[in-house]
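Okay, upload_19.txt now, which holds compact mmCIF, C-alpha atoms and all ligand atoms:
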# COMPACT_ATOMS: atom_id res chain seq x y z
CA MET E 1 0.00 0.00 0.00
CA CYS E 2 1.52 3.26 -1.11
CA VAL E 3 -0.36 6.00 0.62
CA THR E 4 1.48 6.01 3.92
CA PRO E 5 4.87 6.37 2.21
CA GLY E 6 7.56 7.74 4.40
CA ARG E 7 10.96 6.20 4.89
CA GLU E 8 10.05 3.15 2.80
CA LEU E 9 9.51 5.34 -0.26
CA PHE E 10 12.94 6.93 0.21
CA ARG E 11 14.51 3.45 0.46
CA TRP E 12 12.64 2.23 -2.61
CA LEU E 13 13.71 5.27 -4.65
CA GLU E 14 17.31 4.80 -3.56
CA PHE E 15 17.16 1.15 -4.57
CA GLU E 16 15.73 2.18 -7.95
CA GLY E 17 18.63 4.61 -8.42
CA GLN E 18 16.31 7.66 -8.26
CA ARG E 19 17.23 11.05 -6.79
CA ALA E 20 15.89 11.89 -3.30
CA PHE E 21 13.83 14.91 -4.46
CA ARG E 22 11.54 12.51 -6.32
CA ALA E 23 10.15 11.49 -2.92
CA ASP E 24 9.03 15.08 -2.24
CA GLN E 25 7.39 15.24 -5.65
CA ILE E 26 5.51 11.99 -5.01
CA MET E 27 4.48 13.11 -1.50
CA GLY E 28 3.23 16.36 -3.05
CA TRP E 29 1.00 14.49 -5.49
CA ILE E 30 -0.41 12.18 -2.85
CA TYR E 31 -0.83 14.42 0.16
CA ARG E 32 -1.30 17.87 -1.38
CA LYS E 33 -3.02 17.10 -4.69
CA TRP E 34 -4.74 13.90 -3.46
CA THR E 35 -3.65 12.08 -6.61
CA LEU E 36 -2.99 8.39 -6.06
CA ASP E 37 -2.41 7.15 -9.60
CA PRO E 38 1.35 7.35 -10.36
CA LEU E 39 0.55 7.55 -14.07
CA GLU E 40 -0.99 11.00 -13.42
CA MET E 41 2.11 12.38 -11.66
CA GLN E 42 3.13 14.54 -14.56
CA ASN E 43 6.44 15.89 -13.29
CA LEU E 44 7.90 12.39 -12.89
CA PRO E 45 9.73 10.68 -15.77
CA GLU E 46 7.52 8.17 -17.54
CA CYS E 47 9.71 5.20 -16.56
CA LEU E 48 9.38 6.11 -12.86
CA ARG E 49 5.61 6.52 -13.17
CA ILE E 50 5.39 3.02 -14.63
CA ARG E 51 7.74 1.51 -12.01
CA LEU E 52 5.70 3.11 -9.21
CA SER E 53 2.49 1.88 -10.72
CA ASP E 54 3.87 -1.67 -11.01
CA SER E 55 5.38 -1.67 -7.53
CA PHE E 56 2.65 -0.19 -5.32
CA SER E 57 -1.08 -0.70 -5.15
CA CYS E 58 -2.40 2.83 -4.97
CA GLY E 59 -5.91 4.18 -5.11
CA THR E 60 -7.58 1.02 -3.82
CA VAL E 61 -10.30 3.03 -2.06
CA LYS E 62 -12.91 3.92 -4.68
CA MET E 63 -15.84 6.27 -4.42
CA LEU E 64 -19.06 4.30 -5.04
CA ASP E 65 -21.79 6.74 -4.11
CA SER E 66 -22.33 10.11 -2.51
CA GLN E 67 -25.40 11.83 -1.15
CA SER E 68 -25.70 15.47 -0.16
CA ALA E 69 -28.17 17.03 2.25
CA PRO E 70 -29.54 20.59 1.87
CA ASP E 71 -27.38 21.70 4.83
CA GLY E 72 -24.24 20.80 2.82
CA THR E 73 -23.45 17.56 4.63
CA ALA E 74 -22.21 14.93 2.19
CA LYS E 75 -22.01 11.25 2.85
CA LEU E 76 -19.60 9.13 0.80
CA LEU E 77 -19.80 5.38 0.31
CA LEU E 78 -16.32 4.06 -0.44
CA GLY E 79 -15.44 0.64 -1.83
CA LEU E 80 -12.37 -1.32 -0.74
CA HIS E 81 -10.22 -3.73 -2.75
CA ASP E 82 -12.04 -6.80 -1.37
CA GLY E 83 -15.55 -5.58 -2.14
CA GLN E 84 -16.23 -4.29 1.37
CA THR E 85 -17.55 -0.78 1.94
CA ILE E 86 -17.01 2.01 4.44
CA GLU E 87 -18.47 5.46 4.73
CA SER E 88 -17.22 8.93 5.48
CA VAL E 89 -19.17 12.11 6.13
CA ILE E 90 -18.19 15.65 5.16
CA ILE E 91 -19.79 18.16 7.52
CA PRO E 92 -19.48 21.88 6.75
CA HIS E 93 -20.30 24.20 9.67
CA GLY E 94 -19.90 27.91 9.03
CA SER E 95 -16.50 28.50 7.49
CA ARG E 96 -15.14 25.23 8.83
CA THR E 97 -15.44 21.64 7.69
CA THR E 98 -15.16 18.38 9.58
CA PHE E 99 -14.49 15.01 7.95
CA CYS E 100 -15.90 12.04 9.86
CA LEU E 101 -13.89 8.91 9.07
CA SER E 102 -14.35 5.17 9.58
CA SER E 103 -11.78 2.95 11.27
CA GLN E 104 -13.16 -0.56 10.65
CA VAL E 105 -15.49 -2.42 8.29
CA GLY E 106 -18.42 -3.00 10.65
CA CYS E 107 -17.97 -2.85 14.41
CA PRO E 108 -17.54 -5.52 17.09
CA VAL E 109 -19.27 -3.51 19.84
CA GLY E 110 -22.76 -3.75 18.36
CA CYS E 111 -24.47 -0.82 20.12
CA ARG E 112 -28.21 -1.47 19.96
CA PHE E 113 -29.06 1.92 18.40
CA CYS E 114 -26.22 2.05 15.85
CA ALA E 115 -26.39 0.91 12.22
CA SER E 116 -22.64 0.11 12.21
CA GLY E 117 -23.00 -2.48 14.93
CA THR E 118 -25.74 -4.57 13.35
CA GLY E 119 -23.52 -6.85 11.20
CA GLY E 120 -20.59 -7.18 13.65
CA LEU E 121 -16.96 -6.66 12.70
CA VAL E 122 -15.87 -7.67 9.20
CA ARG E 123 -12.28 -6.47 9.39
CA ASN E 124 -9.93 -3.68 10.42
CA LEU E 125 -9.00 -0.97 7.93
CA HIS E 126 -5.31 -0.95 7.00
CA ALA E 127 -3.41 2.25 7.71
CA GLY E 128 -3.25 3.00 3.98
CA GLU E 129 -7.01 2.59 3.65
CA ILE E 130 -7.59 5.07 6.48
CA VAL E 131 -5.36 7.62 4.78
CA GLU E 132 -6.86 6.96 1.33
CA GLN E 133 -10.30 7.53 2.84
CA LEU E 134 -9.17 10.98 3.99
CA LEU E 135 -7.71 11.75 0.56
CA ALA E 136 -10.93 10.57 -1.15
CA CYS E 137 -12.87 13.05 1.03
CA CYS E 138 -10.44 15.85 0.09
CA ARG E 139 -10.87 15.00 -3.62
CA HIS E 140 -14.66 14.98 -3.34
CA TYR E 141 -14.79 18.19 -1.31
CA GLY E 142 -12.00 19.94 -3.20
CA ALA E 143 -10.31 21.09 0.01
CA ARG E 144 -8.67 19.89 3.19
CA PRO E 145 -10.80 19.66 6.34
CA ASP E 146 -10.39 21.87 9.42
CA ASN E 147 -11.14 18.97 11.75
CA LEU E 148 -11.02 15.19 11.57
CA VAL E 149 -13.15 12.94 13.75
CA PHE E 150 -13.00 9.16 13.92
CA MET E 151 -16.73 8.79 14.48
CA GLY E 152 -17.66 6.85 11.39
CA VAL E 153 -17.98 3.07 11.23
CA GLY E 154 -15.97 1.07 13.75
CA GLU E 155 -14.26 1.28 17.11
CA PRO E 156 -10.98 3.11 16.40
CA LEU E 157 -9.25 2.00 19.59
CA MET E 158 -9.71 -1.64 18.60
CA ASN E 159 -7.70 -0.94 15.45
CA LEU E 160 -5.11 1.18 17.18
CA ASP E 161 -1.96 -0.17 15.49
CA ASN E 162 -3.25 0.76 12.04
CA LEU E 163 -4.81 3.98 13.26
CA LEU E 164 -1.51 5.16 14.76
CA VAL E 165 0.39 4.47 11.53
CA ALA E 166 -2.28 6.38 9.58
CA LEU E 167 -2.18 9.28 12.06
CA GLU E 168 1.58 9.47 11.73
CA ALA E 169 1.17 10.05 7.99
CA ILE E 170 -1.72 12.46 8.53
CA CYS E 171 0.19 14.59 11.08
CA ASP E 172 3.68 14.35 9.54
CA LYS E 173 4.88 17.76 8.30
CA ALA E 174 6.31 16.21 5.13
CA ARG E 175 3.07 14.39 4.38
CA PHE E 176 -0.50 15.55 5.16
CA ASP E 177 0.71 17.97 7.88
CA PHE E 178 -2.44 18.06 9.99
CA ALA E 179 -2.51 19.31 13.61
CA GLN E 180 -3.00 16.65 16.30
CA ARG E 181 -5.29 18.99 18.23
CA ARG E 182 -7.72 19.05 15.32
CA ILE E 183 -8.19 15.28 15.42
CA THR E 184 -10.78 13.58 17.66
CA ILE E 185 -10.79 9.86 18.34
CA SER E 186 -14.11 8.56 19.60
CA THR E 187 -14.37 5.33 21.56
CA SER E 188 -17.16 3.34 23.14
CA GLY E 189 -14.92 3.12 26.20
CA TRP E 190 -12.28 0.53 25.25
CA THR E 191 -10.00 1.16 28.22
CA ALA E 192 -6.96 -0.79 27.01
CA GLY E 193 -6.95 1.45 23.92
CA ILE E 194 -7.46 4.66 25.93
CA ARG E 195 -4.47 3.78 28.09
CA ARG E 196 -2.29 2.88 25.11
CA LEU E 197 -3.24 6.10 23.35
CA ALA E 198 -2.42 8.04 26.54
CA GLU E 199 1.06 6.53 26.55
CA CYS E 200 1.64 7.87 23.01
CA ARG E 201 1.44 11.37 24.57
CA ARG E 202 -0.06 12.88 21.45
CA GLN E 203 -2.42 15.85 21.52
CA PHE E 204 -5.43 14.09 20.00
CA ASN E 205 -8.86 14.86 21.45
CA LEU E 206 -10.44 11.87 23.13
CA ALA E 207 -14.23 11.47 23.02
CA VAL E 208 -15.74 8.69 25.08
CA SER E 209 -19.25 7.47 24.28
CA LEU E 210 -20.89 6.97 27.67
CA HIS E 211 -24.63 7.01 26.80
CA GLY E 212 -25.41 6.09 30.37
CA SER E 213 -24.56 7.41 33.81
CA ASP E 214 -24.45 3.91 35.28
CA ASP E 215 -23.48 0.41 34.20
CA SER E 216 -27.06 -0.87 33.99
CA VAL E 217 -28.06 1.67 31.31
CA ARG E 218 -24.82 1.07 29.42
CA LYS E 219 -25.50 -2.66 29.52
CA LYS E 220 -28.84 -2.14 27.75
CA LEU E 221 -27.19 -0.19 24.93
CA ILE E 222 -23.69 -1.65 24.54
CA PRO E 223 -23.76 -5.44 24.33
CA ASN E 224 -20.12 -6.36 23.57
CA CYS E 225 -16.64 -5.32 24.69
CA ARG E 226 -18.18 -3.13 27.38
CA ARG E 227 -15.94 -2.08 30.26
CA PRO E 228 -17.23 -1.00 33.72
CA LEU E 229 -17.84 2.73 34.07
CA HIS E 230 -15.33 3.16 36.93
CA GLU E 231 -12.61 1.59 34.77
CA ILE E 232 -13.47 3.95 31.88
CA LEU E 233 -13.34 6.98 34.16
CA ASP E 234 -9.93 5.90 35.53
CA ALA E 235 -8.64 5.49 31.97
CA CYS E 236 -9.94 8.99 31.10
CA ASP E 237 -8.13 10.46 34.12
CA HIS E 238 -4.99 8.74 32.92
CA TYR E 239 -5.46 10.17 29.41
CA ARG E 240 -5.87 13.67 30.84
CA SER E 241 -2.84 13.37 33.08
CA GLN E 242 -0.61 12.03 30.30
CA THR E 243 -1.69 14.46 27.57
CA GLY E 244 -3.09 17.48 29.40
CA ARG E 245 -6.16 17.22 27.14
CA MET E 246 -9.72 17.57 28.43
CA VAL E 247 -11.86 14.53 27.58
CA THR E 248 -15.35 14.80 26.04
CA PHE E 249 -18.18 12.47 27.05
CA GLU E 250 -20.56 11.74 24.21
CA TYR E 251 -24.08 10.91 25.24
CA THR E 252 -26.60 9.74 22.65
CA LEU E 253 -30.01 10.73 24.01
CA ILE E 254 -32.59 7.99 23.58
CA ASP E 255 -36.23 8.30 24.51
CA GLY E 256 -37.22 6.29 27.58
CA VAL E 257 -33.69 4.95 28.14
CA ASN E 258 -31.25 7.62 29.29
CA SER E 259 -32.94 11.02 29.09
CA ARG E 260 -34.47 11.53 32.55
CA PRO E 261 -33.43 14.64 34.58
CA GLU E 262 -32.00 12.49 37.38
CA GLN E 263 -29.80 10.75 34.80
CA ALA E 264 -28.60 14.20 33.72
CA THR E 265 -27.72 14.95 37.36
CA GLU E 266 -25.68 11.74 37.60
CA LEU E 267 -23.96 12.49 34.31
CA ALA E 268 -23.13 16.01 35.53
CA ASP E 269 -21.52 14.56 38.68
CA ILE E 270 -19.44 12.14 36.63
CA ALA E 271 -18.39 14.84 34.15
CA LYS E 272 -17.38 17.23 36.92
CA ARG E 273 -15.35 14.59 38.69
CA SER E 274 -13.59 13.79 35.40
CA ARG E 275 -13.32 17.47 34.40
CA ALA E 276 -14.90 16.44 31.10
CA LYS E 277 -17.08 18.27 28.58
CA VAL E 278 -20.35 16.66 27.52
CA ASN E 279 -21.58 16.40 23.94
CA LEU E 280 -25.25 15.45 23.70
CA ILE E 281 -26.34 13.68 20.52
CA PRO E 282 -30.11 13.28 20.08
CA LEU E 283 -30.54 9.84 18.50
CA ASN E 284 -30.74 9.78 14.73
CA ALA E 285 -33.27 6.96 14.46
CA VAL E 286 -32.23 3.95 12.39
CA PRO E 287 -35.39 2.57 10.73
CA SER E 288 -34.78 -1.09 11.61
CA LEU E 289 -33.93 -0.40 15.29
CA PRO E 290 -36.49 0.13 18.08
CA PHE E 291 -35.23 3.46 19.48
CA GLY E 292 -36.15 7.10 18.98
CA PRO E 293 -34.89 10.50 20.15
CA PRO E 294 -36.57 12.22 23.11
CA GLN E 295 -38.92 15.18 22.57
CA ARG E 296 -37.32 18.60 22.24
CA ASP E 297 -38.38 19.78 25.70
CA VAL E 298 -36.88 16.63 27.28
CA ILE E 299 -33.58 17.32 25.51
CA LYS E 300 -33.64 20.97 26.61
CA LYS E 301 -34.32 19.97 30.20
CA PHE E 302 -31.49 17.40 30.16
CA MET E 303 -29.11 20.03 28.84
CA SER E 304 -30.18 22.64 31.39
CA VAL E 305 -29.58 20.24 34.30
CA LEU E 306 -25.98 19.77 33.11
CA GLU E 307 -25.47 23.49 32.58
CA ALA E 308 -26.93 24.35 35.99
CA ARG E 309 -24.28 22.10 37.52
CA GLY E 310 -21.51 23.94 35.71
CA VAL E 311 -20.76 21.33 33.07
CA GLN E 312 -19.54 22.54 29.66
CA VAL E 313 -22.13 21.04 27.34
CA SER E 314 -22.74 21.12 23.59
CA ILE E 315 -25.40 19.51 21.50
CA ARG E 316 -24.91 17.89 18.11
CA ILE E 317 -27.82 18.85 15.92
CA GLY E 318 -28.87 16.10 13.51
CA LYS E 319 -26.90 17.35 10.53
CA GLY E 320 -27.42 15.49 7.31
CA SER E 321 -30.22 13.30 8.64
CA SER E 322 -31.80 13.31 5.16
CA VAL E 323 -28.72 11.45 3.87
CA ALA E 324 -28.75 8.87 6.66
CA ALA E 325 -25.70 10.55 8.19
CA ALA E 326 -25.78 8.61 11.45
CA CYS E 327 -22.94 6.21 11.84
CA GLY E 328 -23.16 3.24 9.47
CA GLN E 329 -26.53 4.00 7.93
CA LEU E 330 -25.49 4.41 4.30
CA ARG E 331 -23.29 1.34 4.46
CA SER E 332 -26.03 -0.79 5.99
CA SER E 333 -28.39 0.14 3.17
CA ALA E 334 -25.76 -0.63 0.51
CA GLY E 335 -24.20 -3.87 1.82
CA THR E 336 -21.08 -5.01 -0.04
CA TYR E 337 -20.65 -4.42 -3.73
N1 LIG T 1 -17.21 3.46 17.89
C1 LIG T 1 -16.91 4.75 18.32
C2 LIG T 1 -16.84 5.76 17.20
C3 LIG T 1 -17.90 5.64 16.14
S1 LIG T 1 -19.55 6.00 16.66
C4 LIG T 1 -17.86 5.20 19.40
O1 LIG T 1 -18.84 4.52 19.64
O2 LIG T 1 -17.58 6.22 20.02
C5 LIG T 1 -19.45 7.76 16.92
C6 LIG T 1 -20.60 8.32 17.73
O3 LIG T 1 -21.83 8.22 16.99
C7 LIG T 1 -20.84 7.59 19.03
O4 LIG T 1 -20.92 8.49 20.11
C8 LIG T 1 -22.16 6.91 18.79
O5 LIG T 1 -22.86 6.69 19.97
C9 LIG T 1 -22.87 7.85 17.86
N2 LIG T 1 -23.96 7.21 17.14
C10 LIG T 1 -23.99 6.01 16.54
N3 LIG T 1 -25.20 5.77 15.99
C11 LIG T 1 -25.96 6.85 16.24
C12 LIG T 1 -27.30 7.21 15.94
N4 LIG T 1 -28.09 6.40 15.26
N5 LIG T 1 -27.75 8.42 16.36
C13 LIG T 1 -26.93 9.25 17.06
N6 LIG T 1 -25.66 8.96 17.37
C14 LIG T 1 -25.17 7.78 16.98
FE1 LIG T 2 -19.51 0.56 17.15
FE2 LIG T 2 -19.51 3.12 17.94
FE3 LIG T 2 -21.59 2.11 16.54
FE4 LIG T 2 -21.19 1.34 19.05
S1 LIG T 2 -21.69 3.41 18.36
S2 LIG T 2 -21.65 -0.02 17.31
S3 LIG T 2 -18.99 1.31 19.17
S4 LIG T 2 -19.52 2.34 15.83

Final structure tokens representation of the file:
Amino acid sequence: MCVTPGRELFRWLEFEGQRAFRADQIMGWIYRKWTLDPLEMQNLPECLRIRLSDSFSCGTVKMLDSQSAPDGTAKLLLGLHDGQTIESVIIPHGSRTTFCLSSQVGCPVGCRFCASGTGGLVRNLHAGEIVEQLLACCRHYGARPDNLVFMGVGEPLMNLDNLLVALEAICDKARFDFAQRRITISTSGWTAGIRRLAECRRQFNLAVSLHGSDDSVRKKLIPNCRRPLHEILDACDHYRSQTGRMVTFEYTLIDGVNSRPEQATELADIAKRSRAKVNLIPLNAVPSLPFGPPQRDVIKKFMSVLEARGVQVSIRIGKGSSVAAACGQLRSSAGTY
């Protein structure tokens, strides 16, 4: 896979008897012009273009479908070399744009309200596929994003080896050159991954999907790979102490499950103890799943309880719901190709 080239490209060029500046030219095509086909790299000699094309498999992530919502949100369905699919979402907000990327094909956690969890895990994305996904979004959008969030299909911290290699390419000055602080990694609370990420001492934002203020609510929503709440909170403290970064708790609000005022009070206590922000996400209903979002006034009340207790809280408005922009929805309607 060619799209995470770093030292290996330099070595390959040296072996081929090519001059070192060719590496910069190739990096420029890939990471700044989002061009993955060596045959299109016009400032390279033809023989090198052909050698590159024969030696590396580039451009294996193909755009299969895209849907745009009136608010500008675009959802891309991307095909992989083995016929599997992933999805990415491009979310403009004001003058800024966020790309929401996938980390796995399917997801092993299987949250009851999430379209990504319904078919289980198919496989991890390779590092190159994660980077190619980002470049495919840039090509479609015609610009780089301001923020990157790993909130698409999959549990990123269960594919941490590949994710870290991809992030190295994404943040490397000589490659995609993207700021660590503009990247958010979202996890369902996989504590081994949170601790490993903490040890990397990078400046990534960590978002932890709690969805419940106690283990019994979490058990109803998160069937697999679920860790106890106290263990998750300890891991978050560790992340904050190692990186100096404030953690965000994501909380998908679901009618009749986790949206009562007393649950907001418990969540506020947890967030304050962890010095965490809270991001409320009213459920984007998945047609085949038996959950819905609470009424507006219930959501407002929940938010005001948190605010009254001094918690920094934001709410994610259902952007792009007309294009099935909740995690995994486009993929689940498309299957494999
Ligand atoms: N697996 C990781 C990252 C991907 S999911 C995680 O769970 O954090 C990213 C976020 O989208 C999670 O907070 C998840 O709860 C939320 N989400 C998934 N399906 C949703 C839906 N139908 N409506 C609203 N939020 C959803
Ligand atoms: Fe997986 Fe996250 Fe969806 Fe849960 S919410 S099934 S962890 S992608």

Point to revise | 10 Å contact set for Pro92 of chain E, all atoms listed in the file, chain neighbours under 4 positions out, as an NGL selection string | key: :E and (71-74 or 96-99 or 145-146 or 319)

Point to revise | Shortest interatomic distance to ligand LIG 1 (chain T) - which of E:Trp34, E:Phe113, E:Phe56, E:Phe21, counting only C-alpha atoms and all ligand atoms | key: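 When distances to ligand LIG 1 (chain T) are compared using only C-alpha atoms and all ligand atoms, the smallest one comes from E:Phe113.
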
Exercise for review: Identify, counting only C-alpha atoms and all ligand atoms, the protein, DNA and RNA residues located within 7 Å of ligand LIG 1 (chain T), and give them as a list in words.
Suggested key: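 Within the 7 Å cut-off, the matching residues are Phe113, Cys114, Ala115, Phe150, Met151, Gly152, Val153, Gly154, Glu155, Pro156, Ser186, Thr187, Ser188, Ala207, Val208, Ser209, Glu250, Tyr251, Thr252, Ile281, Pro282, Leu283, Asn284, Ala285, Val286, Ala326 and Cys327 of chain E.
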
Check your understanding: Out of E:Lys62, E:Arg32, E:Lys272, E:Arg22, which residue has the shortest atom-to-atom distance to Asp177 of chain E when counting all atoms listed in the file?
Key ->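 The closest residue to Asp177 of chain E is E:Arg32.
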
Practice item. Do a neighbour search on segment 253-256 of chain E at 12 Å with all atoms listed in the file, toss out local chain neighbours closer than 4 positions, and write the hits as JSON, numbers by chain. Key: {"E": [112, 113, 114, 209, 210, 211, 212, 213, 217, 218, 220, 221, 260, 261, 263, 264, 278, 279, 280, 281, 282, 283, 284, 285, 286, 289, 290, 291, 292, 293, 294, 295, 296, 297, 298, 299, 300, 301, 302, 303, 315, 316, 317, 318]}

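Taking atom CA of Arg226 of chain E and atom CA of Thr191 of chain E as the two end points, the separation is 9.3 Å.
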
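Candidate residues E:His126, E:Thr118, E:Lys33, E:Asp82 were compared for distance to Arg144 of chain E, and the nearest is E:Lys33, using all atoms listed in the file.
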
**Study point:** Best match for closeness to Ala235 of chain E among E:Leu148, E:Ala127, E:Ala136, E:Ile194, counting only C-alpha atoms
**Key:** E:Ile194

Practice item. Can you work out the spacing between atom CA of Leu134 of chain E and atom CA of Cys100 of chain E in Å, to one decimal? Key: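 Atom CA of Leu134 of chain E sits 9.0 Å away from atom CA of Cys100 of chain E.
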
Practice item. Measuring atom to atom with only C-alpha atoms and all ligand atoms, identify which of E:Leu206, E:Ile50, E:Cys111, E:Leu77 is nearest to ligand LIG 2 (chain T). Key: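 That would be E:Cys111, the residue with the smallest distance to ligand LIG 2 (chain T).
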
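Distances to ligand LIG 2 (chain T) were evaluated for E:Pro287, E:Gly120, E:Pro228, E:Gly110 using only C-alpha atoms and all ligand atoms, and the minimum falls at E:Gly110.
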
Nearby residues (only C-alpha atoms) at most 7 Å from segment 266-268 of chain E, same-chain spacing under 5 positions excluded, as a compact mmCIF listing (two decimals) with C-alpha atoms, in the coordinates of the input:
# COMPACT_ATOMS: atom_id res chain seq x y z
CA SER E 213 -24.56 7.41 33.81
CA LEU E 306 -25.98 19.77 33.11
CA ARG E 309 -24.28 22.10 37.52
CA VAL E 311 -20.76 21.33 33.07

Review point. Which residues come within 10 Å of segment 57-59 of chain E, counting all atoms listed in the file, excluding same-chain residues fewer than 6 positions away, as a ChimeraX atom specification?
Key: /E:1-3,30,34-38,80-81,128-129,132-133,135-136

Repaired coordinates for segment 107-127 of chain E (N, CA and C atoms) as a PDB file, in the frame of the given file:
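Listing of result.pdb after writing:
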ATOM      1  N   CYS E 107     -18.443  -3.185  13.062  1.00  0.00           N
ATOM      2  CA  CYS E 107     -17.970  -2.850  14.410  1.00  0.00           C
ATOM      3  C   CYS E 107     -18.278  -4.012  15.351  1.00  0.00           C
ATOM      4  N   PRO E 108     -17.303  -4.388  16.190  1.00  0.00           N
ATOM      5  CA  PRO E 108     -17.540  -5.520  17.090  1.00  0.00           C
ATOM      6  C   PRO E 108     -18.414  -5.180  18.308  1.00  0.00           C
ATOM      7  N   VAL E 109     -18.616  -3.891  18.579  1.00  0.00           N
ATOM      8  CA  VAL E 109     -19.270  -3.510  19.840  1.00  0.00           C
ATOM      9  C   VAL E 109     -20.796  -3.699  19.767  1.00  0.00           C
ATOM     10  N   GLY E 110     -21.344  -3.424  18.593  1.00  0.00           N
ATOM     11  CA  GLY E 110     -22.760  -3.750  18.360  1.00  0.00           C
ATOM     12  C   GLY E 110     -23.759  -2.939  19.148  1.00  0.00           C
ATOM     13  N   CYS E 111     -23.507  -1.642  19.360  1.00  0.00           N
ATOM     14  CA  CYS E 111     -24.470  -0.820  20.120  1.00  0.00           C
ATOM     15  C   CYS E 111     -25.867  -0.979  19.520  1.00  0.00           C
ATOM     16  N   ARG E 112     -26.852  -1.102  20.389  1.00  0.00           N
ATOM     17  CA  ARG E 112     -28.210  -1.470  19.960  1.00  0.00           C
ATOM     18  C   ARG E 112     -28.868  -0.428  19.061  1.00  0.00           C
ATOM     19  N   PHE E 113     -28.403   0.829  19.139  1.00  0.00           N
ATOM     20  CA  PHE E 113     -29.060   1.920  18.400  1.00  0.00           C
ATOM     21  C   PHE E 113     -28.267   2.309  17.152  1.00  0.00           C
ATOM     22  N   CYS E 114     -27.163   1.587  16.865  1.00  0.00           N
ATOM     23  CA  CYS E 114     -26.220   2.050  15.850  1.00  0.00           C
ATOM     24  C   CYS E 114     -26.219   1.125  14.634  1.00  0.00           C
ATOM     25  N   ALA E 115     -26.338   1.708  13.450  1.00  0.00           N
ATOM     26  CA  ALA E 115     -26.390   0.910  12.220  1.00  0.00           C
ATOM     27  C   ALA E 115     -25.070   0.174  11.973  1.00  0.00           C
ATOM     28  N   SER E 116     -23.948   0.741  12.466  1.00  0.00           N
ATOM     29  CA  SER E 116     -22.640   0.110  12.210  1.00  0.00           C
ATOM     30  C   SER E 116     -22.487  -1.202  12.959  1.00  0.00           C
ATOM     31  N   GLY E 117     -23.212  -1.315  14.074  1.00  0.00           N
ATOM     32  CA  GLY E 117     -23.000  -2.480  14.930  1.00  0.00           C
ATOM     33  C   GLY E 117     -23.803  -3.690  14.498  1.00  0.00           C
ATOM     34  N   THR E 118     -24.787  -3.497  13.601  1.00  0.00           N
ATOM     35  CA  THR E 118     -25.740  -4.570  13.350  1.00  0.00           C
ATOM     36  C   THR E 118     -25.119  -5.820  12.724  1.00  0.00           C
ATOM     37  N   GLY E 119     -24.100  -5.657  11.863  1.00  0.00           N
ATOM     38  CA  GLY E 119     -23.520  -6.850  11.200  1.00  0.00           C
ATOM     39  C   GLY E 119     -22.245  -7.336  11.857  1.00  0.00           C
ATOM     40  N   GLY E 120     -21.846  -6.769  13.008  1.00  0.00           N
ATOM     41  CA  GLY E 120     -20.590  -7.180  13.650  1.00  0.00           C
ATOM     42  C   GLY E 120     -19.378  -6.660  12.887  1.00  0.00           C
ATOM     43  N   LEU E 121     -18.205  -7.106  13.353  1.00  0.00           N
ATOM     44  CA  LEU E 121     -16.960  -6.660  12.700  1.00  0.00           C
ATOM     45  C   LEU E 121     -16.667  -7.531  11.490  1.00  0.00           C
ATOM     46  N   VAL E 122     -16.336  -6.905  10.367  1.00  0.00           N
ATOM     47  CA  VAL E 122     -15.870  -7.670   9.200  1.00  0.00           C
ATOM     48  C   VAL E 122     -14.342  -7.692   9.214  1.00  0.00           C
ATOM     49  N   ARG E 123     -13.741  -6.519   9.267  1.00  0.00           N
ATOM     50  CA  ARG E 123     -12.280  -6.470   9.390  1.00  0.00           C
ATOM     51  C   ARG E 123     -11.820  -5.053   9.750  1.00  0.00           C
ATOM     52  N   ASN E 124     -10.556  -4.991  10.166  1.00  0.00           N
ATOM     53  CA  ASN E 124      -9.930  -3.680  10.420  1.00  0.00           C
ATOM     54  C   ASN E 124      -9.592  -3.011   9.094  1.00  0.00           C
ATOM     55  N   LEU E 125      -9.577  -1.685   9.082  1.00  0.00           N
ATOM     56  CA  LEU E 125      -9.000  -0.970   7.930  1.00  0.00           C
ATOM     57  C   LEU E 125      -7.488  -0.963   8.087  1.00  0.00           C
ATOM     58  N   HIS E 126      -6.763  -1.120   6.958  1.00  0.00           N
ATOM     59  CA  HIS E 126      -5.310  -0.950   7.000  1.00  0.00           C
ATOM     60  C   HIS E 126      -5.014   0.539   7.141  1.00  0.00           C
ATOM     61  N   ALA E 127      -3.797   0.835   7.573  1.00  0.00           N
ATOM     62  CA  ALA E 127      -3.410   2.250   7.710  1.00  0.00           C
ATOM     63  C   ALA E 127      -3.582   2.986   6.383  1.00  0.00           C
TER      64      ALA E 127
END
